[in-house]
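Have a look at structure-v5.tsv; it's TSV, C-alpha atoms:
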chain	number	residue	atom	x	y	z
N	1	MET	CA	201.33	83.91	88.51
N	2	ARG	CA	197.93	82.81	89.46
N	3	CYS	CA	195.82	84.78	91.96
N	4	ALA	CA	194.00	82.55	94.43
N	5	GLY	CA	190.38	83.61	95.10
N	6	ARG	CA	189.85	84.72	98.63
N	7	GLY	CA	186.26	83.80	99.43
N	8	HIS	CA	184.35	81.86	102.04
N	9	THR	CA	183.72	78.18	101.78
N	10	ILE	CA	180.24	76.73	101.97
N	11	ILE	CA	180.99	75.26	105.38
N	12	GLU	CA	181.95	78.66	106.77
N	13	MET	CA	178.73	80.12	105.43
N	14	LEU	CA	176.66	77.29	106.97
N	15	VAL	CA	178.33	77.80	110.36
N	16	VAL	CA	177.57	81.53	110.25
N	17	MET	CA	173.95	80.83	109.27
N	18	ALA	CA	173.59	78.32	112.14
N	19	VAL	CA	174.96	80.82	114.66
N	20	LEU	CA	172.61	83.53	113.38
N	21	GLY	CA	169.68	81.10	113.63
N	22	ILE	CA	170.53	80.29	117.23
N	23	LEU	CA	170.78	83.99	118.12
N	24	ALA	CA	167.46	84.75	116.41
N	25	SER	CA	165.69	81.91	118.24
N	26	ALA	CA	167.04	83.21	121.55
N	27	ALA	CA	165.82	86.75	120.78
N	28	MET	CA	162.21	85.74	119.97
N	29	PRO	CA	161.11	85.01	123.58
N	30	LEU	CA	162.67	88.30	124.65
N	31	MET	CA	160.64	90.17	122.01
N	32	GLU	CA	157.45	88.39	123.09
N	33	LEU	CA	158.14	89.28	126.72
N	34	THR	CA	158.69	92.92	125.78
N	35	ALA	CA	155.40	93.03	123.84
N	36	LYS	CA	153.52	91.43	126.76
N	37	ARG	CA	155.06	93.89	129.20
N	38	SER	CA	153.95	96.78	127.00
N	39	LYS	CA	150.36	95.46	126.90
N	40	GLU	CA	150.40	95.02	130.68
N	41	ARG	CA	151.52	98.62	131.13
N	42	GLU	CA	148.68	99.74	128.84
N	43	LEU	CA	146.18	97.60	130.80
N	44	LYS	CA	147.31	99.07	134.10
N	45	GLN	CA	147.00	102.62	132.74
N	46	SER	CA	143.56	101.96	131.20
N	47	VAL	CA	142.16	100.41	134.38
N	48	TRP	CA	143.52	103.33	136.41
N	49	GLU	CA	141.90	105.89	134.04
N	50	ILE	CA	138.48	104.24	134.17
N	51	ARG	CA	138.57	103.74	137.94
N	52	HIS	CA	139.60	107.36	138.42
N	53	ALA	CA	136.65	108.50	136.27
N	54	ILE	CA	134.23	106.25	138.22
N	55	ASP	CA	135.51	107.76	141.48
N	56	ALA	CA	135.16	111.30	140.09
N	57	TYR	CA	131.55	110.54	139.11
N	58	LYS	CA	130.84	109.26	142.63
N	59	GLN	CA	132.40	112.39	144.16
N	60	ALA	CA	130.29	114.60	141.91
N	61	TYR	CA	127.19	112.61	142.89
N	62	ASP	CA	127.98	112.88	146.60
N	63	GLY	CA	128.83	116.59	146.18
N	64	GLY	CA	125.39	117.39	144.77
N	65	HIS	CA	126.48	117.99	141.17
N	66	ILE	CA	124.49	115.07	139.76
N	67	THR	CA	120.77	114.52	140.29
N	68	LYS	CA	120.26	111.96	143.04
N	69	THR	CA	117.88	109.10	142.48
N	70	LEU	CA	116.18	107.17	145.26
N	71	GLY	CA	117.91	103.84	145.85
N	72	ALA	CA	120.87	104.65	143.57
N	73	SER	CA	124.39	103.89	144.75
N	74	GLY	CA	125.85	107.06	143.25
N	75	TYR	CA	128.06	105.22	140.79
N	76	PRO	CA	127.61	105.69	137.03
N	77	PRO	CA	124.86	103.58	135.44
N	78	SER	CA	127.18	102.64	132.55
N	79	LEU	CA	130.65	103.36	131.17
N	80	PHE	CA	129.01	105.32	128.36
N	81	VAL	CA	127.87	107.99	130.85
N	82	LEU	CA	131.51	108.78	131.64
N	83	THR	CA	132.11	109.91	128.05
N	84	ALA	CA	128.63	111.21	127.19
N	85	GLY	CA	128.57	113.44	130.25
N	86	VAL	CA	125.88	114.40	132.74
N	87	PRO	CA	124.28	117.78	133.55
N	88	ASP	CA	125.92	119.57	136.48
N	89	ILE	CA	122.96	120.81	138.52
N	90	ALA	CA	125.25	123.00	140.63
N	91	ALA	CA	126.47	124.86	137.52
N	92	ALA	CA	123.22	125.64	135.72
N	93	GLY	CA	123.11	122.38	133.81
N	94	GLN	CA	126.51	122.53	132.12
N	95	THR	CA	127.65	119.09	131.05
N	96	MET	CA	130.33	117.35	133.13
N	97	TYR	CA	132.56	114.83	131.33
N	98	PHE	CA	134.70	112.28	133.14
N	99	LEU	CA	136.52	110.63	130.21
N	100	ARG	CA	137.20	111.64	126.62
N	101	ARG	CA	136.99	108.05	125.48
N	102	ILE	CA	136.81	104.62	127.05
N	103	PRO	CA	140.22	102.97	126.65
N	104	LYS	CA	140.19	99.46	125.24
N	105	ASP	CA	141.40	96.43	127.16
N	106	PRO	CA	144.64	95.57	125.31
N	107	PHE	CA	144.08	91.85	125.91
N	108	SER	CA	140.58	91.77	124.39
N	109	ALA	CA	139.70	90.79	120.82
N	110	ASN	CA	140.45	93.39	118.15
N	111	ALA	CA	136.85	93.64	116.92
N	112	VAL	CA	135.53	94.61	120.36
N	113	THR	CA	134.91	98.29	121.15
N	114	GLY	CA	136.37	100.02	124.20
N	115	ILE	CA	133.17	99.82	126.24
N	116	ASP	CA	132.52	96.17	125.37
N	117	SER	CA	136.10	95.07	126.13
N	118	TRP	CA	135.72	95.40	129.91
N	119	GLY	CA	134.02	93.27	132.50
N	120	LEU	CA	131.76	95.33	134.78
N	121	ARG	CA	131.20	94.94	138.51
N	122	SER	CA	128.21	96.56	140.14
N	123	TYR	CA	128.21	97.99	143.65
N	124	SER	CA	126.02	95.13	144.90
N	125	SER	CA	128.29	92.30	143.68
N	126	THR	CA	131.19	90.78	145.58
N	127	PRO	CA	134.84	91.16	144.53
N	128	ASP	CA	135.19	87.38	144.16
N	129	GLN	CA	132.11	87.06	141.93
N	130	PRO	CA	131.89	90.35	139.97
N	131	LYS	CA	128.60	90.81	138.13
N	132	ALA	CA	127.15	93.64	136.08
N	133	GLY	CA	124.13	95.39	137.55
N	134	ALA	CA	122.39	98.74	137.79
N	135	ASP	CA	125.67	100.66	138.12
N	136	VAL	CA	129.41	100.41	137.42
N	137	PHE	CA	131.42	100.20	140.61
N	138	ASP	CA	134.56	98.70	139.03
N	139	VAL	CA	135.98	97.31	135.78
N	140	TYR	CA	138.23	94.34	135.13
N	141	SER	CA	139.89	92.65	132.18
N	142	THR	CA	137.94	89.79	130.65
N	143	SER	CA	141.14	88.05	129.57
N	144	ALA	CA	141.75	84.58	130.97
N	145	ASP	CA	145.53	85.07	130.75
N	146	THR	CA	147.90	85.56	133.65
N	147	GLY	CA	150.35	88.43	133.97
N	148	ILE	CA	154.11	88.18	134.17
N	149	ASN	CA	153.74	88.68	137.93
N	150	GLY	CA	151.57	85.53	138.20
N	151	ILE	CA	148.31	87.38	138.91
N	152	PRO	CA	145.42	86.87	136.46
N	153	TYR	CA	144.51	90.02	134.52
N	154	ARG	CA	140.94	89.76	135.84
N	155	GLN	CA	142.27	90.57	139.33
N	156	TRP	CA	144.30	93.68	138.39
What does this structure look like when you write it as structure tokens?
Amino acid sequence: MRCAGRGHTIIEMLVVMAVLGILASAAMPLMELTAKRSKERELKQSVWEIRHAIDAYKQAYDGGHITKTLGASGYPPSLFVLTAGVPDIAAAGQTMYFLRRIPKDPFSANAVTGIDSWGLRSYSSTPDQPKAGADVFDVYSTSADTGINGIPYRQW
């Protein structure tokens, strides 16, 4: 008696490969969406951290912990000051820090540092036309992309 080989034909293998290809091509957009959502979550968290530190600096300035300068708005002169710290005049000159590090904009180029990845808005500029100036009132993403929600990242 002869034993017939029980294997798969080439056509069966091609059908299976075609089905797997279709499933893989359907999964790619879902993976891209998941990666974009993750970056958006990181952007939202980073913007919140920096804005919170800017507000804490302003509160310390208004509370008399930072030396007041004539004509100054009370906002930090740069993002670097938030990590470098400033002397607390109410506590015998101890240094006050507002951030451990400046988070990087997740949508900026990889070679850019955390400080250089953000757009800066001074207190004297308008929200519609943000411009850097003598202080840092707000930060925004410099990315020209639009979020999943339809709002450009610059407006987050």
Checklist entry - So, counting only C-alpha atoms, which residue among N:Ser125, N:Val47, N:Glu42, N:Gly85 is closest to Ala60 of chain N? => result N:Gly85
Item to check | Which residue of N:Ala144, N:Asp116, N:Leu82, N:Ala35 approaches Arg101 of chain N most closely, using all atoms listed in the file | outcome: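 The shortest atom-to-atom distance to Arg101 of chain N comes from N:Leu82.
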If you take all atoms listed in the file and a cut-off of 8 Å, which residues of segment 40-70 of chain N touch segment 136-141 of chain N, and what are their nearest atom pairs and distances in Å to one decimal, in chain and number order, as a tab-separated table?
residue	atom	partner	partner_atom	distance
N:Val47	CA	N:Val139	CA	7.1
N:Ile50	CA	N:Val139	CA	7.5
N:Arg51	CA	N:Asp138	CA	6.5
N:Ile54	CA	N:Phe137	CA	7.1
Next on the checklist: Give me the residues near segment 103-115 of chain N as a ChimeraX atom specification, where near means some atom within 12 Å (using all atoms listed in the file) and where sequence neighbours in that chain fewer than 4 positions away do not count.
Outcome noted: /N:35-51,53,78-83,99,119-120,136,139-147,152-154,156
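In terms of minimum interatomic distance to Val86 of chain N, N:Ile66 ranks closest within N:Ile66, N:Val16, N:Ile22, N:Ala134, counting all atoms listed in the file.
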Checklist outcome for this item: What separates atom CA of Trp118 of chain N and atom CA of Ala132 of chain N is a distance of 10.7 Å
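For the residues N:His65, N:Ala91, N:Ile102, N:Gln155, ranking by smallest atom-to-atom distance to Asp128 of chain N using all atoms listed in the file places N:Gln155 first.
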Next on the checklist: From the options N:Thr67, N:Ser25, N:Asn149, N:Thr126, which residue's atoms come nearest to Asp88 of chain N, counting only C-alpha atoms?
Outcome noted: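 For Asp88 of chain N, the nearest of the given residues is N:Thr67.
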Checklist entry - Just how far from atom CA of Ser117 of chain N is atom CA of Thr69 of chain N, in Å to one decimal? => result 28.2 Å
Checklist entry - In Å, with one decimal, what is the gap from atom CA of Gly64 of chain N to atom CA of Lys131 of chain N? => result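 Separating atom CA of Gly64 of chain N from atom CA of Lys131 of chain N is a distance of 27.6 Å.
The smallest atom-to-atom distance between Tyr97 of chain N and any of N:Tyr57, N:Ala26, N:Leu33, N:Ser124, using only C-alpha atoms, is found for N:Tyr57.
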